[in-house]
Every structure is written in C-alpha cells, then in structure tokens.
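Below is one structure, written out as structure tokens; the observations come after it.
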Amino acid sequence: MKKDTEDADLFSTLTEGIKPFKQNKRHFTAPQKDKKQLEEKEQQLHADSYFSDTYQPHLPSEGAMRWNRDDIDSFEVKRLRRGDYQPDLLLDLHGMRQSEAKLELAALIQACIKQQIHCCCVMHGHGTGILKQNIPMWLAQHPHVMAFHKAPKEWGGDAALLVLIDIGDQPYRR
C-alpha cells in the first residue's frame, strides 16, 4: 500500500500544472455529397465512357449533316429533315469548350431517357466549327442515339441538329 501512495504522489507532482485536452467532437466520416455533385459525376462518367475524340464514324462529307444507326430505317432521318418531329428539349452549346459540351451532351441524352423524350435539338452554332465538327461524331458513338439530321430553319438550321433518342419500349411521340 505504501508503494501505491508513493507512486500516486510522484505522479501528482509530475503532472502538476498540466491541463487536460479538450475533447474534440469531430467525427471522421466521409462528408455527404449533395445531389448536384453526384449528377455531375454521373455526367462525367457518361461523357468519358461514350464519347471518344479519336473515333471517326462514317458521316456524309457533302450535303446536310445526317446519320442513322444501322438498325434504324433511313426514313426516320427523312422525317427529321422534314420537321415531322418536334424537339421537346433544346440544348444550346454556344460559347462552351469541348469538355463542357461533352458533359452537357451526355446530360441531355440522360435527361431525354429519364423524361421519356424521343426528340431533342442540339444547337452548336457556327463559330470556329469545332463543336459543329465534333458533336456529330460524339452523337454517332452514343448507344441511345438512333439518328440525327441538320435541323430545319425554325430549330436552328445549319447551326443545330435534331436528334432521335432511343428511350426503350415507350411509344414514339410526334
């Protein structure tokens, strides 16, 4: 017992004047990501996985810009040209960089699928022609794009494309 009291006294003298740390209530768990961050990450994933800058699809070198998947009737492209389809969503890419345009294009296609929209319009503008050249290449790579054609005058003409989206088993709307 005597030894224990001596040890306690020694400990008391050694720790005299020391203040205990204040307990920090901080927990080190991963912070909650908000919905916007998750959507941006998903868009980036879609843009990175579907759109390649090196892939060169067979696109027309003369005439109006048009394309359709092999399993889609070319009559659908003709209907796009005539304006039979009315776009329900419009995407304006004026002034965007290529990386931004890729993200927005992926988001547009995802939004069309989610909202069951069959036709949309992508306005790339004239500008330097970089987006006008790349957007058809990117659209031709996406598995949910059925066809696209240069938009009629009322939807942008040479500076826009009307795009048909494969929304699954839903009936097509006109």
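Just so we're on the same page: first chain in the structure tokens is A, next is B, and so on; residues restart at 1 for each chain, and ligands are numbered from 1 in the order they show up.
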
task = Going by DSSP on the backbone, which bits of segment 16-143 of chain A are helix (DSSP H, G or I)? Write them as a VMD selection string, please.
result = chain A and resid 35 to 50 74 to 82 98 to 114 130 to 141

query = Excluding same-chain residues fewer than 5 positions from Glu104 of chain A, what lies within 9 Å of it counting only C-alpha atoms, as a list in words?
reply =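 Counting only the stated atoms, we get Gln43, Ala47, Leu91, Leu93, Ser99 and Ile109 of chain A.
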
ask   = Excluding same-chain residues fewer than 4 positions from Pro57 of chain A, what lies within 8 Å of it counting only C-alpha atoms, as a PyMOL selection string?
value = chain A and resi 137+140-141

Hey, can you spit out that residue selection with N, CA, C and O atoms as a PDB file, in the first residue's frame?
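Done, and the output landed in selection.pdb:
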ATOM      1  N   MET A 137     -19.853  13.504 -84.376  1.00  0.00           N
ATOM      2  CA  MET A 137     -19.015  12.337 -84.065  1.00  0.00           C
ATOM      3  C   MET A 137     -19.383  11.762 -82.699  1.00  0.00           C
ATOM      4  O   MET A 137     -19.463  10.545 -82.533  1.00  0.00           O
ATOM      5  N   ALA A 140     -22.888  10.021 -82.812  1.00  0.00           N
ATOM      6  CA  ALA A 140     -22.863   8.731 -83.513  1.00  0.00           C
ATOM      7  C   ALA A 140     -22.304   7.620 -82.628  1.00  0.00           C
ATOM      8  O   ALA A 140     -22.547   6.446 -82.896  1.00  0.00           O
ATOM      9  N   GLN A 141     -21.573   7.961 -81.593  1.00  0.00           N
ATOM     10  CA  GLN A 141     -20.978   6.964 -80.704  1.00  0.00           C
ATOM     11  C   GLN A 141     -21.918   6.519 -79.588  1.00  0.00           C
ATOM     12  O   GLN A 141     -21.731   5.464 -79.008  1.00  0.00           O
TER      13      GLN A 141
END

If we count only C-alpha atoms, what is near Leu131 of chain A at a cut-off of 12 Å, once residues fewer than 2 positions away on the same chain are taken out, given as a JSON list (two decimals) with C-alpha atoms, in the first residue's frame?
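The new file selection.json reads:
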[["chain", "number", "residue", "atom", "x", "y", "z"],
["A", 53, "ASP", "CA", -12.29, 12.20, -79.75],
["A", 92, "ASP", "CA", -27.61, 25.50, -76.52],
["A", 93, "LEU", "CA", -23.85, 24.89, -76.61],
["A", 94, "HIS", "CA", -22.82, 28.37, -77.84],
["A", 95, "GLY", "CA", -19.58, 29.50, -76.25],
["A", 96, "MET", "CA", -18.79, 26.22, -74.50],
["A", 97, "ARG", "CA", -15.50, 24.38, -74.53],
["A", 98, "GLN", "CA", -15.35, 20.83, -75.89],
["A", 99, "SER", "CA", -15.13, 19.30, -72.41],
["A", 100, "GLU", "CA", -18.16, 21.29, -71.22],
["A", 101, "ALA", "CA", -20.10, 20.43, -74.37],
["A", 102, "LYS", "CA", -19.41, 16.71, -73.87],
["A", 105, "LEU", "CA", -24.50, 16.41, -74.32],
["A", 122, "VAL", "CA", -28.64, 20.44, -80.03],
["A", 123, "MET", "CA", -27.62, 23.97, -81.05],
["A", 124, "HIS", "CA", -23.88, 24.08, -81.62],
["A", 125, "GLY", "CA", -23.70, 27.35, -83.54],
["A", 126, "HIS", "CA", -21.38, 28.28, -86.38],
["A", 127, "GLY", "CA", -18.35, 29.79, -84.60],
["A", 128, "THR", "CA", -14.97, 28.25, -85.40],
["A", 129, "GLY", "CA", -16.64, 24.96, -86.31],
["A", 133, "GLN", "CA", -17.49, 19.08, -86.31],
["A", 134, "ASN", "CA", -17.27, 17.12, -83.03],
["A", 135, "ILE", "CA", -20.90, 16.90, -81.93],
["A", 136, "PRO", "CA", -22.00, 14.62, -84.81],
["A", 137, "MET", "CA", -19.01, 12.34, -84.07],
["A", 138, "TRP", "CA", -19.96, 12.16, -80.38],
["A", 139, "LEU", "CA", -23.66, 11.59, -81.11],
["A", 159, "ALA", "CA", -26.23, 25.65, -86.53],
["A", 160, "ALA", "CA", -28.27, 22.83, -84.93],
["A", 161, "LEU", "CA", -29.04, 19.12, -85.09]]
